[in-house]
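Q: Just passing along the structure, written as structure tokens.
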Amino acid sequence: MSNSLYERIGGEAAVNAAVDLFYRKVLSDYRINRFFDSTDMDAQIAKQKAFFTYAFGGPNNYTGKDMRSAHAHLVKMGMNGSHFDAVMEHLGATLHELNVPEDLIAEAAAIALGARSDVLGL
Amino acid sequence: MFDLKIKNNRVTCRPGETVLDALLRENINIPYGCKAGACQSCVVQSLDAKPPAKAQGGLKDTLKSSGHFLACQCHPEQPMTLKLSKEAASFVDGRVAVNEPLNRNTQLLIIDINDADRYRAGQFVNLQRSDGLTRSYSIANIPHASGTLEFHIRRLPGGRFSTWVHEELKVGDSIPVSEPQGHCFYLPDRKEQGLLLIGTGTGLAPLAGILADALSHGHSGPIRLFHGSREHEDLYRVNEMRELAEHHPNFSYTPCISSGDAPEGFTQGRVHDAALSAQADLVSWRVFLCGHPDMVKSAQKQAYLKGARLADIYCDAFVVSAEQAPSA
């Protein structure tokens with residue numbers, strides 16, 4: 001494959017557009033918004049950008065260990081598989097809204113799903 | 001191959017290299033992260049050449065217009081003079097033209113300045129006392145129109161700088177003023193867009209500047225200004241704003257009082273609650289939030305949830321110097 005998913009999906013511009021839609025969905029979802037309820041919105045948005053860069057297979061420096069430690073406090077707060085699934089829903093809905101082709105959405109979802117056990121500390 | 005000038009250094013950017021590559025090769029200390037244009041850690045400013053469009057992708061319009069770009073995404077197309085964000089700001093001398101009260105605790109300070117064109121209403125500068133004590137204040141007027149910079153200086157309990165301005169600084173005194181900083185200002189690109197301006201206390205300063213700038217550009221969309229304080233006596237320019245609203249049908253002004261009963265003509269409650277509840281949604285609005293950090297943070301999230309794009313929300317939260325903490 002010549003181009004990465006990140007490039008095919010639209011790179012950094014696509015990340016920005018996705019974050020704008022996605023973070024609003026997440027903050028409006030009573031099932032999961034408490035996990036995102038930080039007073040520092042700029043820091044939160046930087047995290048959402050990192051998330052999308054990751055899901056698009058773009059340049060990032062995450063290891064499974066980073067994923068675990070970054071989410072450990074959320075697991076303590078009671079985060080479980082149902083919350084992870086809700087985030088996956090919003091990921092899919094966001095990319096649909098941006099008219100990303102189905103096959104690319106599936107690729108992004110597969111990457112995000114790959115982090116499931118690390119994120120949930122399983 | 002193009003030369004990059006940074007202060008006293010000259011670095012040659014080789015073919016295929018980005019600006020970030022060249023700076024790192026020469027051991028110039030610059031923050032960076034993803035090297036992919038996503039994290040925006042490596043923003044630098046070009047002081048002369050216009051950066052390539054690709055290098056400005058994802059930046060706020062105001063940052064773009066002031067020559068900021070992502071070093072990791074920039075393959076130079078011409079020689080550039082760069083300023084790294086952490087570089088200390090340089091100062092020029094201004095002269096105090098007016099220093100008089102706006103209300104019981106806020107002083108109007110007007111400074112004559114050369115090169116007023118490089119300052120924009122709503123940006124901030126650092127002002128300096130002769131012993132080096134420095135504080136940031138926002139620009140409340142359109143500098144190029146008058147060759148002056150206007151500031152609103154609130155006296156803080158134990159605040160060394162604000163006390164000095166209130167008690168000692170005199171008309172005719174010279175005062176060092178830094179170059180302009182910050183990206184909270186008006187750009188006349190989408191004049192039909194609604195503008196929501198929310199400020200507490202001297203947060204009115206940048207907002208008054210932005211308002212004047214928008215009106216002078218013939219902004220045609222609705223402009224709504226909400227200014228709040230705890231008590232009625234801490235507001236200022238109430239009559240001037242009301243007069244402005246009478247002359248500009250697209251401009252409305254709502255003064256808010258958060259403590260006690262609001263007198264006739266004032267809204268009772270916290271300013272961002274009043275502003276945001278008056279608004280069904282903020283889809284396609286541009287929002288400016290200035291003043292107390294708690295208000296700015298809370299309103300930022302609420303404005304976003306009401307549909308404003310992240311890129312259309314401009315924040316200027318006042319940071320109070322730690323040494324001014326009233327606990328001392």
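Labels used: A, B, ... for chains in the order of the structure tokens, numbers from 1 for residues in each chain, and numbers from 1 for ligands as shown.
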Go through chain A and flag each residue having an atom no more than 9 Å from chain B; for those, report the closest pair of atoms plus their distance in Å to one decimal, using only C-alpha atoms, ordered by chain and rising number, as CSV.
A:
```
residue,atom,partner,partner_atom,distance
A:Gly11,CA,B:Ala38,CA,8.5
A:Glu12,CA,B:Ala38,CA,5.5
A:Ala13,CA,B:Gly58,CA,6.2
A:Val15,CA,B:Ala38,CA,7.7
A:Asn16,CA,B:Gly58,CA,6.9
A:Asp20,CA,B:Leu310,CA,6.3
A:Leu21,CA,B:Arg309,CA,8.8
A:Arg24,CA,B:Leu305,CA,5.8
A:Lys25,CA,B:Leu305,CA,8.7
A:Leu27,CA,B:Leu305,CA,7.7
A:Ser28,CA,B:Leu305,CA,7.5
A:Thr39,CA,B:Lys297,CA,6.6
A:Asp40,CA,B:Lys297,CA,6.9
A:Met41,CA,B:Lys301,CA,6.9
A:Ala46,CA,B:Cys39,CA,7.0
A:Lys49,CA,B:Ala38,CA,7.1
A:Ala50,CA,B:Cys39,CA,7.5
A:Thr53,CA,B:Ala38,CA,7.5
A:Gly58,CA,B:Ala36,CA,8.2
A:Pro59,CA,B:Cys34,CA,6.3
A:Asn60,CA,B:Cys34,CA,6.1
A:Asn61,CA,B:Cys34,CA,7.9
```
Q: Might you pull out every residue within 10 Å of segment 98-108 of chain A, with only C-alpha atoms counted and same-chain residues fewer than 5 positions away left off, and present them as a list in words?
A: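 Selected residues are Leu5, Tyr6, Arg8, Ile9, Gly10, Ala14, Ala17, Ala18, Leu21, Phe52, Thr53, Tyr54, Ala55, Phe56, Gly57, Leu91, Gly92, Ala93, Leu113 and Gly114 of chain A.
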Q: Write the selection just made, keeping N, CA and C atoms, as a compact mmCIF listing (two decimals), in the first residue's frame?
A:
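Listed below is the output, out08.txt:
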```
# COMPACT_ATOMS: atom_id res chain seq x y z
N LEU A 5 -3.13 5.11 5.99
CA LEU A 5 -4.53 5.47 6.23
C LEU A 5 -4.62 6.96 6.58
N TYR A 6 -3.70 7.40 7.42
CA TYR A 6 -3.65 8.80 7.86
C TYR A 6 -3.65 9.74 6.67
N ARG A 8 -4.51 8.93 3.47
CA ARG A 8 -5.68 8.73 2.61
C ARG A 8 -6.91 9.39 3.20
N ILE A 9 -6.99 9.42 4.52
CA ILE A 9 -8.18 9.98 5.17
C ILE A 9 -8.12 11.51 5.16
N GLY A 10 -6.96 12.08 4.95
CA GLY A 10 -6.86 13.54 4.87
C GLY A 10 -5.90 14.17 5.86
N ALA A 14 -8.03 16.34 8.50
CA ALA A 14 -9.11 15.41 8.84
C ALA A 14 -9.17 15.19 10.35
N ALA A 17 -10.99 18.23 11.87
CA ALA A 17 -12.43 18.19 11.61
C ALA A 17 -13.09 17.11 12.47
N ALA A 18 -12.42 15.98 12.59
CA ALA A 18 -12.99 14.86 13.35
C ALA A 18 -13.08 15.22 14.84
N LEU A 21 -16.13 17.39 15.81
CA LEU A 21 -17.41 16.67 15.89
C LEU A 21 -17.41 15.65 17.02
N PHE A 52 -7.21 10.58 17.52
CA PHE A 52 -7.51 10.42 16.10
C PHE A 52 -6.26 10.15 15.27
N THR A 53 -5.16 10.78 15.64
CA THR A 53 -3.92 10.51 14.92
C THR A 53 -3.59 9.02 15.05
N TYR A 54 -3.84 8.50 16.24
CA TYR A 54 -3.61 7.07 16.49
C TYR A 54 -4.57 6.21 15.66
N ALA A 55 -5.87 6.55 15.73
CA ALA A 55 -6.88 5.73 15.04
C ALA A 55 -6.68 5.75 13.53
N PHE A 56 -6.11 6.84 13.02
CA PHE A 56 -5.86 6.94 11.58
C PHE A 56 -4.52 6.30 11.22
N GLY A 57 -3.88 5.69 12.20
CA GLY A 57 -2.59 5.06 11.91
C GLY A 57 -1.52 6.08 11.61
N LEU A 91 -16.83 7.40 17.32
CA LEU A 91 -15.78 7.41 16.30
C LEU A 91 -16.41 7.13 14.93
N GLY A 92 -17.21 6.05 14.86
CA GLY A 92 -17.85 5.68 13.60
C GLY A 92 -18.78 6.78 13.09
N ALA A 93 -19.62 7.29 14.01
CA ALA A 93 -20.60 8.32 13.62
C ALA A 93 -19.90 9.58 13.11
N LEU A 113 -9.83 -0.45 17.90
CA LEU A 113 -10.21 -1.69 18.61
C LEU A 113 -8.98 -2.44 19.09
N GLY A 114 -7.89 -2.32 18.35
CA GLY A 114 -6.64 -2.98 18.72
C GLY A 114 -6.09 -2.52 20.06
```
Q: For segment 109-113 of chain B, list every protein, DNA or RNA residue within 7 Å, evaluated using only C-alpha atoms, and leave out those in the same chain fewer than 5 positions away; present the list as a PDB file with C-alpha atoms, in the first residue's frame.
A:
```pdb
ATOM      1  CA  GLY B  94       6.038  54.517  24.932  1.00  0.00           C
ATOM      2  CA  ARG B  95       4.885  57.691  26.686  1.00  0.00           C
ATOM      3  CA  VAL B  96       1.919  57.990  29.027  1.00  0.00           C
ATOM      4  CA  ALA B  97      -0.726  60.271  27.488  1.00  0.00           C
ATOM      5  CA  VAL B  98      -3.661  59.592  29.838  1.00  0.00           C
ATOM      6  CA  ASN B  99      -3.885  57.950  33.259  1.00  0.00           C
ATOM      7  CA  GLU B 100      -7.310  58.508  34.837  1.00  0.00           C
ATOM      8  CA  GLY B 147      -1.078  56.052  17.347  1.00  0.00           C
ATOM      9  CA  THR B 148      -1.861  55.021  20.918  1.00  0.00           C
ATOM     10  CA  LEU B 149      -2.414  51.912  22.991  1.00  0.00           C
ATOM     11  CA  GLU B 150      -5.263  51.917  25.518  1.00  0.00           C
ATOM     12  CA  PHE B 151      -5.309  49.684  28.610  1.00  0.00           C
ATOM     13  CA  HIS B 152      -7.667  49.141  31.546  1.00  0.00           C
TER      14      HIS B 152
END
```
Q: Name the residues in contact with Phe69 of chain B at a cut-off of 9 Å, using only C-alpha atoms, excluding same-chain residues fewer than 3 positions from it; report them as a list in words.
A: Gln40, Cys42, Val43, Val44, Gln45, Ser46, Pro51, Pro52, Ala53, Lys54, Ala55, Gln56, Gly57, Leu59, Leu63, Lys64, Cys72, Gln73 and Cys74 of chain B
Q: Those same residues - N, CA and C atoms - I'd like them written as an mmCIF file, in the first residue's frame.
A:
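Printed below is part_6.cif as written:
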```cif
data_model
loop_
_atom_site.group_PDB
_atom_site.id
_atom_site.type_symbol
_atom_site.label_atom_id
_atom_site.label_comp_id
_atom_site.auth_asym_id
_atom_site.auth_seq_id
_atom_site.Cartn_x
_atom_site.Cartn_y
_atom_site.Cartn_z
ATOM 1 N N GLN B 40 1.076 20.524 17.000
ATOM 2 C CA GLN B 40 1.282 21.977 17.014
ATOM 3 C C GLN B 40 2.265 22.451 18.090
ATOM 4 N N CYS B 42 5.471 22.792 17.575
ATOM 5 C CA CYS B 42 6.630 23.457 16.981
ATOM 6 C C CYS B 42 6.256 24.741 16.238
ATOM 7 N N VAL B 43 5.180 25.415 16.686
ATOM 8 C CA VAL B 43 4.778 26.660 16.027
ATOM 9 C C VAL B 43 5.874 27.718 16.171
ATOM 10 N N VAL B 44 6.281 28.308 15.058
ATOM 11 C CA VAL B 44 7.207 29.444 15.069
ATOM 12 C C VAL B 44 6.593 30.546 14.211
ATOM 13 N N GLN B 45 7.191 31.719 14.248
ATOM 14 C CA GLN B 45 6.639 32.854 13.518
ATOM 15 C C GLN B 45 7.642 33.337 12.484
ATOM 16 N N SER B 46 7.160 33.599 11.266
ATOM 17 C CA SER B 46 7.994 34.231 10.257
ATOM 18 C C SER B 46 7.781 35.738 10.352
ATOM 19 N N PRO B 51 4.658 32.266 5.074
ATOM 20 C CA PRO B 51 4.938 30.820 5.092
ATOM 21 C C PRO B 51 4.096 30.091 4.043
ATOM 22 N N PRO B 52 4.589 28.950 3.531
ATOM 23 C CA PRO B 52 3.788 28.152 2.592
ATOM 24 C C PRO B 52 2.470 27.737 3.250
ATOM 25 N N ALA B 53 1.392 27.675 2.452
ATOM 26 C CA ALA B 53 0.058 27.379 2.994
ATOM 27 C C ALA B 53 0.040 26.051 3.753
ATOM 28 N N LYS B 54 0.740 25.070 3.252
ATOM 29 C CA LYS B 54 0.716 23.748 3.888
ATOM 30 C C LYS B 54 1.233 23.818 5.328
ATOM 31 N N ALA B 55 2.192 24.721 5.552
ATOM 32 C CA ALA B 55 2.803 24.816 6.878
ATOM 33 C C ALA B 55 1.878 25.508 7.873
ATOM 34 N N GLN B 56 0.753 26.079 7.394
ATOM 35 C CA GLN B 56 -0.168 26.776 8.301
ATOM 36 C C GLN B 56 -1.471 26.007 8.506
ATOM 37 N N GLY B 57 -1.529 24.775 7.950
ATOM 38 C CA GLY B 57 -2.749 23.981 8.045
ATOM 39 C C GLY B 57 -3.134 23.747 9.497
ATOM 40 N N LEU B 59 -3.943 25.837 11.821
ATOM 41 C CA LEU B 59 -3.732 26.928 12.781
ATOM 42 C C LEU B 59 -4.931 27.868 12.763
ATOM 43 N N LEU B 63 -3.516 33.338 13.977
ATOM 44 C CA LEU B 63 -2.110 32.929 13.986
ATOM 45 C C LEU B 63 -1.557 32.940 12.564
ATOM 46 N N LYS B 64 -2.378 32.457 11.611
ATOM 47 C CA LYS B 64 -1.948 32.457 10.207
ATOM 48 C C LYS B 64 -1.618 33.864 9.747
ATOM 49 N N CYS B 72 7.595 21.836 11.447
ATOM 50 C CA CYS B 72 7.765 20.468 10.922
ATOM 51 C C CYS B 72 7.097 20.288 9.572
ATOM 52 N N GLN B 73 6.220 21.229 9.174
ATOM 53 C CA GLN B 73 5.496 21.101 7.910
ATOM 54 C C GLN B 73 5.996 22.090 6.867
ATOM 55 N N CYS B 74 7.087 22.794 7.176
ATOM 56 C CA CYS B 74 7.497 23.895 6.308
ATOM 57 C C CYS B 74 8.758 23.573 5.524
#
```
Q: Report, in Å with one decimal, the straight-line distance from atom CA of Met77 of chain A to atom CA of Gln44 of chain A.
A: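 Taking atom CA of Met77 of chain A and atom CA of Gln44 of chain A, their separation equals 17.3 Å.
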Q: Quick one: DSSP helix (DSSP H, G or I) residues in segment 33-120 of chain A, as a short mmCIF file (atom, residue, chain, number, x, y, z; two decimals) with C-alpha atoms, in the first residue's frame?
A:
```cif
data_model
loop_
_atom_site.label_atom_id
_atom_site.label_comp_id
_atom_site.auth_asym_id
_atom_site.auth_seq_id
_atom_site.Cartn_x
_atom_site.Cartn_y
_atom_site.Cartn_z
CA ASN A 33 -18.88 12.35 29.60
CA ARG A 34 -17.66 12.11 33.18
CA PHE A 35 -14.45 10.50 31.89
CA PHE A 36 -13.81 13.53 29.70
CA MET A 41 -10.48 21.92 27.47
CA ASP A 42 -7.31 22.71 25.54
CA ALA A 43 -5.52 19.79 27.17
CA GLN A 44 -8.52 17.56 26.44
CA ILE A 45 -8.54 18.57 22.79
CA ALA A 46 -4.84 17.76 22.49
CA LYS A 47 -5.71 14.28 23.79
CA GLN A 48 -8.54 13.88 21.28
CA LYS A 49 -6.15 14.88 18.49
CA ALA A 50 -3.70 12.27 19.66
CA PHE A 51 -6.52 9.72 19.71
CA PHE A 52 -7.51 10.42 16.10
CA THR A 53 -3.92 10.51 14.92
CA TYR A 54 -3.61 7.07 16.49
CA ALA A 55 -6.88 5.73 15.04
CA GLY A 64 0.70 -0.50 24.76
CA LYS A 65 2.28 0.44 28.09
CA ASP A 66 1.54 4.16 27.49
CA MET A 67 -2.08 3.31 26.67
CA ARG A 68 -2.38 1.40 29.93
CA SER A 69 -0.86 4.04 32.15
CA ALA A 70 -2.72 6.89 30.41
CA HIS A 71 -6.08 5.21 31.04
CA ALA A 72 -5.39 3.60 34.42
CA HIS A 73 -7.08 6.39 36.39
CA LEU A 74 -10.20 6.02 34.22
CA VAL A 75 -10.35 2.29 34.88
CA LYS A 76 -10.22 3.16 38.60
CA GLY A 81 -16.05 -2.25 27.94
CA SER A 82 -19.43 -0.55 27.61
CA HIS A 83 -17.74 2.85 27.77
CA PHE A 84 -15.15 1.79 25.24
CA ASP A 85 -17.95 0.69 22.92
CA ALA A 86 -19.69 4.05 23.31
CA VAL A 87 -16.50 5.80 22.21
CA MET A 88 -16.28 3.46 19.22
CA GLU A 89 -19.86 4.42 18.30
CA HIS A 90 -18.93 8.11 18.30
CA LEU A 91 -15.78 7.41 16.30
CA GLY A 92 -17.85 5.68 13.60
CA ALA A 93 -20.60 8.32 13.62
CA THR A 94 -18.06 11.14 13.37
CA LEU A 95 -16.32 9.62 10.36
CA HIS A 96 -19.70 8.93 8.67
CA GLU A 97 -20.63 12.57 9.19
CA GLU A 102 -16.73 2.88 4.63
CA ASP A 103 -13.55 0.89 4.05
CA LEU A 104 -11.42 3.61 5.63
CA ILE A 105 -13.79 3.86 8.61
CA ALA A 106 -13.42 0.12 9.07
CA GLU A 107 -9.63 0.46 9.03
CA ALA A 108 -9.69 3.23 11.63
CA ALA A 109 -12.11 1.26 13.82
CA ALA A 110 -9.88 -1.79 13.62
CA ILE A 111 -6.87 0.24 14.79
CA ALA A 112 -8.83 1.74 17.70
CA LEU A 113 -10.21 -1.69 18.61
CA ARG A 116 -9.04 -2.13 23.66
CA SER A 117 -7.29 -4.40 26.14
CA ASP A 118 -4.54 -1.87 26.86
CA VAL A 119 -7.02 0.97 27.37
#
```
Q: Please report the interatomic distance between atom CA of Cys315 of chain B and atom CA of Ala275 of chain B in Å with one decimal.
A: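 Between atom CA of Cys315 of chain B and atom CA of Ala275 of chain B the gap works out to 15.4 Å.
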Q: Leaving out Leu20 of chain B and any residue of its chain fewer than 3 positions from it, which residues lie within 7 Å of it when counting only C-alpha atoms, given as an NGL selection string?
A: :B and (23-24 or 71-72)
Q: State, in Å with one decimal place, the distance from atom CA of Gln268 of chain B to atom CA of Gly194 of chain B.
A: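 Answer for the atom CA of Gln268 of chain B to atom CA of Gly194 of chain B separation: 23.9 Å.
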Q: Hey, what's within 10 Å of Pro79 of chain B if we count only C-alpha atoms and toss same-chain stuff fewer than 5 positions away? As a list in words, please?
A: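 Once the adjacent positions are removed, what remains is Met1, Phe2, Asp3, Leu4, Lys5, Thr12, Cys13, Ser46, Asp48 and Ala49 of chain B.
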